[in-house]
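For reference, entry_9.pdb (PDB, C-alpha atoms):
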ATOM      1  CA  MET O 707      91.432 108.304  87.150  1.00  0.00           C
ATOM      2  CA  THR O 708      91.263 110.911  89.958  1.00  0.00           C
ATOM      3  CA  ASN O 709      87.924 112.189  88.667  1.00  0.00           C
ATOM      4  CA  ILE O 710      86.393 108.709  88.625  1.00  0.00           C
ATOM      5  CA  ILE O 711      87.626 107.992  92.156  1.00  0.00           C
ATOM      6  CA  ASP O 712      86.229 111.354  93.311  1.00  0.00           C
ATOM      7  CA  LEU O 713      82.794 110.464  91.915  1.00  0.00           C
ATOM      8  CA  LEU O 714      82.958 106.967  93.408  1.00  0.00           C
ATOM      9  CA  ALA O 715      83.926 108.415  96.806  1.00  0.00           C
ATOM     10  CA  ARG O 716      80.998 110.861  96.692  1.00  0.00           C
ATOM     11  CA  ILE O 717      78.622 108.004  95.880  1.00  0.00           C
ATOM     12  CA  LEU O 718      80.007 105.783  98.643  1.00  0.00           C
ATOM     13  CA  ILE O 719      79.918 108.446 101.378  1.00  0.00           C
ATOM     14  CA  SER O 720      76.379 109.410 100.345  1.00  0.00           C
ATOM     15  CA  ALA O 721      74.797 105.966 100.081  1.00  0.00           C
ATOM     16  CA  LEU O 722      74.258 105.500 103.826  1.00  0.00           C
ATOM     17  CA  PHE O 723      72.377 108.774 104.181  1.00  0.00           C
ATOM     18  CA  LEU O 724      70.194 108.251 101.120  1.00  0.00           C
ATOM     19  CA  ILE O 725      69.184 104.770 102.278  1.00  0.00           C
ATOM     20  CA  ASN O 726      68.565 105.953 105.854  1.00  0.00           C
ATOM     21  CA  GLY O 727      66.516 108.913 104.616  1.00  0.00           C
ATOM     22  CA  ILE O 728      64.286 106.564 102.643  1.00  0.00           C
ATOM     23  CA  PHE O 729      64.058 104.232 105.666  1.00  0.00           C
ATOM     24  CA  LYS O 730      62.918 107.155 107.822  1.00  0.00           C
ATOM     25  CA  ILE O 731      60.065 107.789 105.387  1.00  0.00           C
ATOM     26  CA  THR O 732      58.992 104.143 105.183  1.00  0.00           C
ATOM     27  CA  ASN O 733      59.304 103.734 108.957  1.00  0.00           C
ATOM     28  CA  TYR O 734      58.205 107.235 109.904  1.00  0.00           C
ATOM     29  CA  ASP O 735      56.319 106.387 113.112  1.00  0.00           C
ATOM     30  CA  GLY O 736      59.057 104.096 114.406  1.00  0.00           C
ATOM     31  CA  THR O 737      61.742 106.688 113.689  1.00  0.00           C
ATOM     32  CA  LEU O 738      59.652 109.389 115.341  1.00  0.00           C
ATOM     33  CA  ASP O 739      59.235 107.267 118.477  1.00  0.00           C
ATOM     34  CA  TRP O 740      62.977 106.489 118.500  1.00  0.00           C
ATOM     35  CA  MET O 741      63.945 110.169 118.229  1.00  0.00           C
ATOM     36  CA  GLU O 742      61.475 111.237 120.887  1.00  0.00           C
ATOM     37  CA  GLY O 743      62.866 108.492 123.128  1.00  0.00           C
ATOM     38  CA  TYR O 744      66.109 110.482 123.138  1.00  0.00           C
ATOM     39  CA  GLY O 745      64.250 113.668 124.060  1.00  0.00           C
ATOM     40  CA  MET O 746      64.399 115.129 120.559  1.00  0.00           C
ATOM     41  CA  PRO O 747      61.317 116.968 119.300  1.00  0.00           C
ATOM     42  CA  GLY O 748      59.535 115.032 116.591  1.00  0.00           C
ATOM     43  CA  VAL O 749      59.359 118.135 114.416  1.00  0.00           C
ATOM     44  CA  LEU O 750      63.075 117.634 113.650  1.00  0.00           C
ATOM     45  CA  LEU O 751      62.375 114.411 111.768  1.00  0.00           C
ATOM     46  CA  ILE O 752      61.220 116.193 108.602  1.00  0.00           C
ATOM     47  CA  PRO O 753      64.387 118.337 108.269  1.00  0.00           C
ATOM     48  CA  ALA O 754      66.480 115.232 109.000  1.00  0.00           C
ATOM     49  CA  ILE O 755      64.739 113.326 106.203  1.00  0.00           C
ATOM     50  CA  ILE O 756      65.192 116.228 103.791  1.00  0.00           C
ATOM     51  CA  LEU O 757      68.888 116.517 104.641  1.00  0.00           C
ATOM     52  CA  GLU O 758      69.433 112.754 104.407  1.00  0.00           C
ATOM     53  CA  ILE O 759      67.825 112.542 100.968  1.00  0.00           C
ATOM     54  CA  LEU O 760      68.640 115.873  99.344  1.00  0.00           C
ATOM     55  CA  GLY O 761      72.177 116.094 100.761  1.00  0.00           C
ATOM     56  CA  PRO O 762      73.431 112.825  99.251  1.00  0.00           C
ATOM     57  CA  ILE O 763      71.840 113.595  95.905  1.00  0.00           C
ATOM     58  CA  LEU O 764      73.595 116.978  95.825  1.00  0.00           C
ATOM     59  CA  ILE O 765      76.905 115.381  96.852  1.00  0.00           C
ATOM     60  CA  ILE O 766      76.601 112.669  94.190  1.00  0.00           C
ATOM     61  CA  ILE O 767      75.801 115.094  91.373  1.00  0.00           C
ATOM     62  CA  GLY O 768      78.387 117.496  92.759  1.00  0.00           C
ATOM     63  CA  TYR O 769      76.177 120.554  93.162  1.00  0.00           C
ATOM     64  CA  GLN O 770      76.973 122.955  96.005  1.00  0.00           C
ATOM     65  CA  THR O 771      79.257 120.202  97.235  1.00  0.00           C
ATOM     66  CA  LYS O 772      81.165 122.202  99.839  1.00  0.00           C
ATOM     67  CA  ILE O 773      78.081 123.685 101.479  1.00  0.00           C
ATOM     68  CA  THR O 774      76.175 120.405 101.436  1.00  0.00           C
ATOM     69  CA  ALA O 775      79.168 118.519 102.839  1.00  0.00           C
ATOM     70  CA  ALA O 776      79.441 121.085 105.656  1.00  0.00           C
ATOM     71  CA  PHE O 777      75.792 120.502 106.612  1.00  0.00           C
ATOM     72  CA  LEU O 778      76.210 116.728 106.487  1.00  0.00           C
ATOM     73  CA  SER O 779      79.391 116.928 108.569  1.00  0.00           C
ATOM     74  CA  LEU O 780      77.566 118.921 111.254  1.00  0.00           C
ATOM     75  CA  PHE O 781      74.659 116.476 111.066  1.00  0.00           C
ATOM     76  CA  CYS O 782      77.055 113.554 111.648  1.00  0.00           C
ATOM     77  CA  LEU O 783      78.637 115.251 114.646  1.00  0.00           C
ATOM     78  CA  ALA O 784      75.261 116.130 116.150  1.00  0.00           C
ATOM     79  CA  THR O 785      73.821 112.640 115.702  1.00  0.00           C
ATOM     80  CA  ALA O 786      76.973 111.083 117.159  1.00  0.00           C
ATOM     81  CA  VAL O 787      76.712 113.186 120.306  1.00  0.00           C
ATOM     82  CA  ILE O 788      72.930 112.988 120.719  1.00  0.00           C
ATOM     83  CA  PHE O 789      72.175 109.375 119.792  1.00  0.00           C
ATOM     84  CA  HIS O 790      75.407 107.401 120.268  1.00  0.00           C
ATOM     85  CA  ASN O 791      76.896 108.522 123.565  1.00  0.00           C
ATOM     86  CA  ASP O 792      76.716 105.327 125.622  1.00  0.00           C
ATOM     87  CA  PHE O 793      80.361 104.311 125.304  1.00  0.00           C
ATOM     88  CA  SER O 794      79.887 101.298 127.576  1.00  0.00           C
ATOM     89  CA  ASN O 795      77.882  99.759 124.704  1.00  0.00           C
ATOM     90  CA  GLN O 796      80.207  98.557 121.917  1.00  0.00           C
ATOM     91  CA  MET O 797      77.566  99.140 119.197  1.00  0.00           C
ATOM     92  CA  GLN O 798      76.983 102.693 120.406  1.00  0.00           C
ATOM     93  CA  LEU O 799      80.718 103.383 120.464  1.00  0.00           C
ATOM     94  CA  THR O 800      81.061 101.981 116.950  1.00  0.00           C
ATOM     95  CA  SER O 801      78.133 104.112 115.740  1.00  0.00           C
ATOM     96  CA  PHE O 802      79.654 107.171 117.405  1.00  0.00           C
ATOM     97  CA  LEU O 803      82.998 106.588 115.712  1.00  0.00           C
ATOM     98  CA  LYS O 804      81.298 105.875 112.355  1.00  0.00           C
ATOM     99  CA  ASN O 805      79.561 109.234 112.540  1.00  0.00           C
ATOM    100  CA  ILE O 806      82.806 110.987 113.491  1.00  0.00           C
ATOM    101  CA  ALA O 807      84.591 109.286 110.573  1.00  0.00           C
ATOM    102  CA  LEU O 808      81.826 110.308 108.159  1.00  0.00           C
ATOM    103  CA  ALA O 809      82.054 113.891 109.445  1.00  0.00           C
ATOM    104  CA  GLY O 810      85.762 113.778 108.623  1.00  0.00           C
ATOM    105  CA  GLY O 811      85.048 112.476 105.135  1.00  0.00           C
ATOM    106  CA  PHE O 812      82.601 115.287 104.527  1.00  0.00           C
ATOM    107  CA  LEU O 813      85.191 117.786 105.768  1.00  0.00           C
ATOM    108  CA  PHE O 814      87.478 116.566 102.979  1.00  0.00           C
ATOM    109  CA  LEU O 815      84.729 117.558 100.556  1.00  0.00           C
ATOM    110  CA  VAL O 816      84.351 120.925 102.287  1.00  0.00           C
ATOM    111  CA  ILE O 817      88.052 121.584 101.750  1.00  0.00           C
ATOM    112  CA  ASN O 818      88.495 120.050  98.281  1.00  0.00           C
ATOM    113  CA  GLY O 819      85.071 120.225  96.680  1.00  0.00           C
ATOM    114  CA  SER O 820      84.245 117.900  93.825  1.00  0.00           C
ATOM    115  CA  LYS O 821      86.331 117.246  90.737  1.00  0.00           C
ATOM    116  CA  LYS O 822      85.535 117.084  87.011  1.00  0.00           C
ATOM    117  CA  PHE O 823      82.431 114.890  87.154  1.00  0.00           C
ATOM    118  CA  SER O 824      80.234 117.390  88.986  1.00  0.00           C
ATOM    119  CA  LEU O 825      77.788 120.190  88.359  1.00  0.00           C
ATOM    120  CA  ASP O 826      80.011 122.493  90.396  1.00  0.00           C
ATOM    121  CA  ASN O 827      82.764 121.956  87.811  1.00  0.00           C
ATOM    122  CA  LYS O 828      80.393 122.391  84.856  1.00  0.00           C
ATOM    123  CA  LEU O 829      78.873 125.594  86.223  1.00  0.00           C
ATOM    124  CA  ASN O 830      82.177 127.296  87.077  1.00  0.00           C
TER     125      ASN O 830
END

File written out as structure tokens:
Amino acid sequence: MTNIIDLLARILISALFLINGIFKITNYDGTLDWMEGYGMPGVLLIPAIILEILGPILIIIGYQTKITAAFLSLFCLATAVIFHNDFSNQMQLTSFLKNIALAGGFLFLVINGSKKFSLDNKLN
């Protein structure tokens, strides 16, 4: 049962990023304007999209899980600090805490890796 729960957890923690990565592609101009509104260079949108699509896929299939989870954890921390720092706004505070919580979840993967239902397990 532990292996099934591990796979389910990897799918659940990855779903948000995969969906948001696809949204960034379908709403590229709007996302670009939003990022630039926070003073972020638009050139960072492409790496963000790649990380938000490739990262979840790698986590779900369990390939290079620890490394990928480390990158996604750092991404969560960075986006929390850069985009969700208006703590007087309840939605911003909630988004900040969501990103911090997701970073913590990814740190669990950094420490523990993936279990039986993963490419990491099959290749080792």

- Task: Excluding Leu829 of chain O and any residue of its chain fewer than 3 positions from it, enumerate the residues within 12 Å of it, using all atoms listed in the file, and give them as an MDAnalysis selection string.
- Result: chainID O and resid 768:770 822:826

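The interatomic distance for the pair atom CA of Pro747 of chain O and atom CA of Asp735 of chain O works out to 13.2 Å.
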
- Just say which residues the PyMOL selection byres ((chain O and resi 785-800) around 12) picks in this file, as a ChimeraX atom specification. /O:740-746,754,778-784,801-809

- Selection as number ranges by chain: residues within 12 Å of (59.9, 116.5, 109.2), counting all atoms listed in the file: O: 727, 730-731, 734-735, 737-738, 741, 747-758

- Task: Carefully work through the PyMOL selection byres ((chain O and resi 708) around 12) for this structure and note down the residues it includes, as a ChimeraX atom specification.
- Result: /O:707,709-715,820-823

- Interatomic distance, atom CA of Leu722 of chain O to atom CA of Asn830 of chain O (Å, one decimal):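 Here the two named atoms are 28.6 Å from each other.
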
- Between atom CA of Gly819 of chain O and atom CA of Phe723 of chain O lies a distance of 18.7 Å

- Query: Hey, which of O:Ile765, O:Val816, O:Ile759, O:Thr732 ends up closest to Ile719 of chain O? Count all atoms listed in the file.
  - Reply: O:Ile765

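Compared by their closest atoms to Thr774 of chain O, and using all atoms listed in the file, the residues O:Asp739, O:Ser720, O:Asn726, O:Lys828 rank with O:Ser720 nearest.
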
Using only the atoms of segment 774-777 of chain O listed in the file, plus 6 Å on each side, state the axis-aligned box centre and edge lengths in Å rounded to one decimal, as lines of an AutoDock Vina configuration file.
center_x = 77.6
center_y = 119.8
center_z = 104.0
size_x = 15.6
size_y = 14.6
size_z = 17.2

- For each of O:Phe777, O:Gly736, O:Ile717, O:Thr771, take the minimum atom-to-atom distance to Leu815 of chain O, counting all atoms listed in the file, then give the residue where this is smallest.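 Of all the options, O:Thr771 lies closest to Leu815 of chain O.
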
Because the input lacks atoms here, generate N, CA and C atoms for segment 783-819 of chain O and report them as a compact mmCIF listing (two decimals), in the frame of the given file.
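Output contents, as saved in rebuild.txt:
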# COMPACT_ATOMS: atom_id res chain seq x y z
N LEU O 783 78.14 114.94 113.31
CA LEU O 783 78.64 115.25 114.65
C LEU O 783 77.49 115.33 115.64
N ALA O 784 76.41 115.99 115.25
CA ALA O 784 75.26 116.13 116.15
C ALA O 784 74.64 114.77 116.47
N THR O 785 74.44 113.94 115.44
CA THR O 785 73.82 112.64 115.70
C THR O 785 74.73 111.74 116.53
N ALA O 786 76.03 111.87 116.34
CA ALA O 786 76.97 111.08 117.16
C ALA O 786 76.81 111.44 118.63
N VAL O 787 76.78 112.72 118.92
CA VAL O 787 76.71 113.19 120.31
C VAL O 787 75.34 112.91 120.93
N ILE O 788 74.29 113.12 120.18
CA ILE O 788 72.93 112.99 120.72
C ILE O 788 72.50 111.53 120.86
N PHE O 789 72.75 110.71 119.83
CA PHE O 789 72.18 109.38 119.79
C PHE O 789 73.15 108.24 120.12
N HIS O 790 74.43 108.50 120.10
CA HIS O 790 75.41 107.40 120.27
C HIS O 790 76.44 107.75 121.33
N ASN O 791 75.99 108.06 122.52
CA ASN O 791 76.90 108.52 123.56
C ASN O 791 77.06 107.55 124.73
N ASP O 792 76.54 106.35 124.59
CA ASP O 792 76.72 105.33 125.62
C ASP O 792 77.94 104.49 125.26
N PHE O 793 79.11 104.95 125.70
CA PHE O 793 80.36 104.31 125.30
C PHE O 793 80.61 102.98 126.01
N SER O 794 79.77 102.62 126.96
CA SER O 794 79.89 101.30 127.58
C SER O 794 79.28 100.22 126.67
N ASN O 795 78.50 100.65 125.68
CA ASN O 795 77.88 99.76 124.70
C ASN O 795 78.73 99.78 123.43
N GLN O 796 79.30 98.63 123.07
CA GLN O 796 80.21 98.56 121.92
C GLN O 796 79.54 99.02 120.63
N MET O 797 78.27 98.71 120.42
CA MET O 797 77.57 99.14 119.20
C MET O 797 77.40 100.66 119.17
N GLN O 798 77.11 101.24 120.34
CA GLN O 798 76.98 102.69 120.41
C GLN O 798 78.32 103.38 120.14
N LEU O 799 79.39 102.83 120.71
CA LEU O 799 80.72 103.38 120.46
C LEU O 799 81.08 103.29 118.99
N THR O 800 80.78 102.15 118.38
CA THR O 800 81.06 101.98 116.95
C THR O 800 80.24 102.97 116.12
N SER O 801 78.98 103.15 116.46
CA SER O 801 78.13 104.11 115.74
C SER O 801 78.64 105.54 115.93
N PHE O 802 79.08 105.85 117.13
CA PHE O 802 79.65 107.17 117.40
C PHE O 802 80.87 107.40 116.52
N LEU O 803 81.78 106.45 116.51
CA LEU O 803 83.00 106.59 115.71
C LEU O 803 82.71 106.61 114.21
N LYS O 804 81.70 105.85 113.77
CA LYS O 804 81.30 105.88 112.36
C LYS O 804 80.84 107.27 111.97
N ASN O 805 80.04 107.88 112.82
CA ASN O 805 79.56 109.23 112.54
C ASN O 805 80.70 110.25 112.54
N ILE O 806 81.65 110.09 113.45
CA ILE O 806 82.81 110.99 113.49
C ILE O 806 83.64 110.81 112.22
N ALA O 807 83.83 109.56 111.79
CA ALA O 807 84.59 109.29 110.57
C ALA O 807 83.89 109.87 109.35
N LEU O 808 82.58 109.73 109.27
CA LEU O 808 81.83 110.31 108.16
C LEU O 808 81.93 111.83 108.16
N ALA O 809 81.88 112.44 109.35
CA ALA O 809 82.05 113.89 109.44
C ALA O 809 83.41 114.28 108.87
N GLY O 810 84.44 113.51 109.18
CA GLY O 810 85.76 113.78 108.62
C GLY O 810 85.79 113.65 107.12
N GLY O 811 85.13 112.64 106.59
CA GLY O 811 85.05 112.48 105.14
C GLY O 811 84.36 113.65 104.47
N PHE O 812 83.30 114.12 105.08
CA PHE O 812 82.60 115.29 104.53
C PHE O 812 83.46 116.54 104.62
N LEU O 813 84.29 116.63 105.67
CA LEU O 813 85.19 117.79 105.77
C LEU O 813 86.21 117.80 104.63
N PHE O 814 86.62 116.62 104.16
CA PHE O 814 87.48 116.57 102.98
C PHE O 814 86.78 117.20 101.78
N LEU O 815 85.48 116.94 101.65
CA LEU O 815 84.73 117.56 100.56
C LEU O 815 84.58 119.06 100.76
N VAL O 816 84.43 119.49 102.01
CA VAL O 816 84.35 120.92 102.29
C VAL O 816 85.64 121.61 101.82
N ILE O 817 86.76 120.99 102.11
CA ILE O 817 88.05 121.58 101.75
C ILE O 817 88.33 121.49 100.25
N ASN O 818 88.07 120.32 99.66
CA ASN O 818 88.50 120.05 98.28
C ASN O 818 87.40 120.19 97.24
N GLY O 819 86.15 120.17 97.65
CA GLY O 819 85.07 120.22 96.68
C GLY O 819 85.03 118.96 95.84
